[in-house]
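Notes for the one structure printed next.
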Amino acid sequence: MKKTIWKYVLTPTFYPSIEMPEGAIPLFVSTQEKLPGVEEACMWALVDPGAKKEMRLFSIYGTGHDMPVDPGIYIGSFQFQKGVLVFHVFEERKED
C-alpha cells in the first residue's frame with residue numbers, strides 16, 4: 001500500500017465537507033497563490049489513493065470569532081492578506 005500527499009482546496013464556507021480516502025491524515029494548511037494576487041486556502045493530507053472514499057467535515061473559524069466549546073481536532077491555521085486575516089481549521093470528531 002503506497003501513500004502520497006494530495007492537496008485539497010478549502011471552500012469559503014465555514015463547514016467544508018471534503019471527500020478523502022479513508023484514513024487520510026491532514027498534514028498542513030496554508031494559502032497558495034492561484035493567480036497573481038489571488039490566494040486560496042489549501043490543506044495537504046497523506047492519503048492511500050486506493051482506499052475507499054469518505055466524507056469528512058471541517059470547520060474554519062476566524063481569529064476573534066465565536067466557536068463552539070469543542071470545535072474538534074485542530075488541523076492548522078492560515079493567513080490571507082499578509083496576515084491581516086487569520087483562520088483556524090478543525091476537523092469534526094468522528095462518532096464511535
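Chains: A, B, ... in order of the C-alpha cells. Residues: from 1 per chain. Ligands: from 1, in order shown.
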(request) Excluding Lys82 in chain A and any residue of its chain fewer than 4 positions from it, enumerate the residues within 12 Å of it, using only C-alpha atoms, and give them as a ChimeraX atom specification. (result) /A:30-32,37,39,78,86
(request) Check the DSSP output for the backbone and give back, as an MDAnalysis selection string, the residues of range 17-50 of chain A in strand (DSSP E). (result) chainID A and resid 17:21 25:35 38:47
Those residues you just picked out, can you put them in a file as a compact mmCIF listing (two decimals), in the first residue's frame with N, CA and C atoms?
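The result, written out as part-v7.txt:
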# COMPACT_ATOMS: atom_id res chain seq x y z
N SER A 17 -17.11 20.29 3.56
CA SER A 17 -17.15 18.84 3.57
C SER A 17 -16.26 18.38 2.42
N ILE A 18 -15.32 17.48 2.71
CA ILE A 18 -14.33 17.08 1.73
C ILE A 18 -14.33 15.56 1.60
N GLU A 19 -14.38 15.08 0.35
CA GLU A 19 -14.27 13.65 0.11
C GLU A 19 -12.79 13.29 0.06
N MET A 20 -12.39 12.37 0.94
CA MET A 20 -10.99 11.95 1.06
C MET A 20 -10.93 10.44 1.18
N PRO A 21 -9.79 9.82 0.85
CA PRO A 21 -9.65 8.40 1.12
C PRO A 21 -9.71 8.13 2.63
N ILE A 25 -4.63 11.56 6.53
CA ILE A 25 -4.10 12.30 7.67
C ILE A 25 -3.79 13.73 7.23
N PRO A 26 -4.59 14.71 7.69
CA PRO A 26 -4.27 16.10 7.35
C PRO A 26 -2.90 16.48 7.92
N LEU A 27 -2.08 17.12 7.10
CA LEU A 27 -0.71 17.45 7.49
C LEU A 27 -0.48 18.94 7.69
N PHE A 28 -1.09 19.77 6.84
CA PHE A 28 -0.69 21.18 6.77
C PHE A 28 -1.79 21.98 6.10
N VAL A 29 -2.01 23.21 6.56
CA VAL A 29 -2.90 24.14 5.87
C VAL A 29 -2.14 25.43 5.63
N SER A 30 -2.44 26.06 4.51
CA SER A 30 -1.78 27.32 4.15
C SER A 30 -2.55 27.92 2.98
N THR A 31 -2.13 29.09 2.58
CA THR A 31 -2.67 29.66 1.35
C THR A 31 -1.67 29.39 0.23
N GLN A 32 -2.20 29.38 -0.98
CA GLN A 32 -1.37 29.20 -2.15
C GLN A 32 -1.88 30.16 -3.21
N GLU A 33 -0.96 30.79 -3.91
CA GLU A 33 -1.37 31.74 -4.94
C GLU A 33 -1.91 30.99 -6.14
N LYS A 34 -3.18 31.22 -6.46
CA LYS A 34 -3.85 30.58 -7.58
C LYS A 34 -3.51 31.32 -8.87
N LEU A 35 -3.65 32.63 -8.82
CA LEU A 35 -3.29 33.56 -9.88
C LEU A 35 -2.55 34.70 -9.21
N VAL A 38 -4.18 36.40 -6.20
CA VAL A 38 -5.38 35.66 -5.78
C VAL A 38 -4.94 34.41 -5.01
N GLU A 39 -5.26 34.40 -3.71
CA GLU A 39 -4.88 33.28 -2.86
C GLU A 39 -6.08 32.37 -2.63
N GLU A 40 -5.79 31.08 -2.41
CA GLU A 40 -6.83 30.16 -1.98
C GLU A 40 -6.28 29.37 -0.80
N ALA A 41 -7.17 29.00 0.10
CA ALA A 41 -6.78 28.21 1.26
C ALA A 41 -6.72 26.75 0.84
N CYS A 42 -5.66 26.05 1.26
CA CYS A 42 -5.46 24.65 0.89
C CYS A 42 -5.06 23.83 2.11
N MET A 43 -5.37 22.55 2.03
CA MET A 43 -4.95 21.59 3.04
C MET A 43 -4.27 20.44 2.32
N TRP A 44 -3.13 20.00 2.84
CA TRP A 44 -2.42 18.86 2.29
C TRP A 44 -2.59 17.68 3.25
N ALA A 45 -2.83 16.50 2.69
CA ALA A 45 -3.07 15.32 3.52
C ALA A 45 -2.33 14.11 2.96
N LEU A 46 -1.87 13.25 3.86
CA LEU A 46 -1.24 11.98 3.49
C LEU A 46 -2.37 10.99 3.25
N VAL A 47 -2.42 10.39 2.06
CA VAL A 47 -3.53 9.52 1.70
C VAL A 47 -3.05 8.21 1.08
Contacts of Glu92 in chain A at 7 Å or less, counting only C-alpha atoms, minus same-chain residues fewer than 2 places along, as a PDB file with C-alpha atoms, in the first residue's frame?
ATOM      1  CA  LEU A  57     -16.348  17.637   7.826  1.00  0.00           C
ATOM      2  CA  PHE A  58     -14.066  20.542   8.702  1.00  0.00           C
ATOM      3  CA  GLY A  72     -12.999  19.377  17.004  1.00  0.00           C
ATOM      4  CA  ILE A  73      -9.440  18.353  16.198  1.00  0.00           C
ATOM      5  CA  PHE A  90     -10.656  21.994  12.823  1.00  0.00           C
ATOM      6  CA  LYS A  94     -15.971  11.103  14.451  1.00  0.00           C
TER       7      LYS A  94
END
(request) For each of A:Glu22, A:Phe80, A:Phe87, A:Pro49, take the minimum atom-to-atom distance to Trp6 in chain A, counting only C-alpha atoms, then give the residue where this is smallest. (result) A:Pro49
(request) Extract, using only C-alpha atoms, all DNA, RNA and protein residues at most 9 Å from Gly50 in chain A, discarding same-chain residues fewer than 4 positions from it, and format them as a ChimeraX atom specification. (result) /A:1-3,21
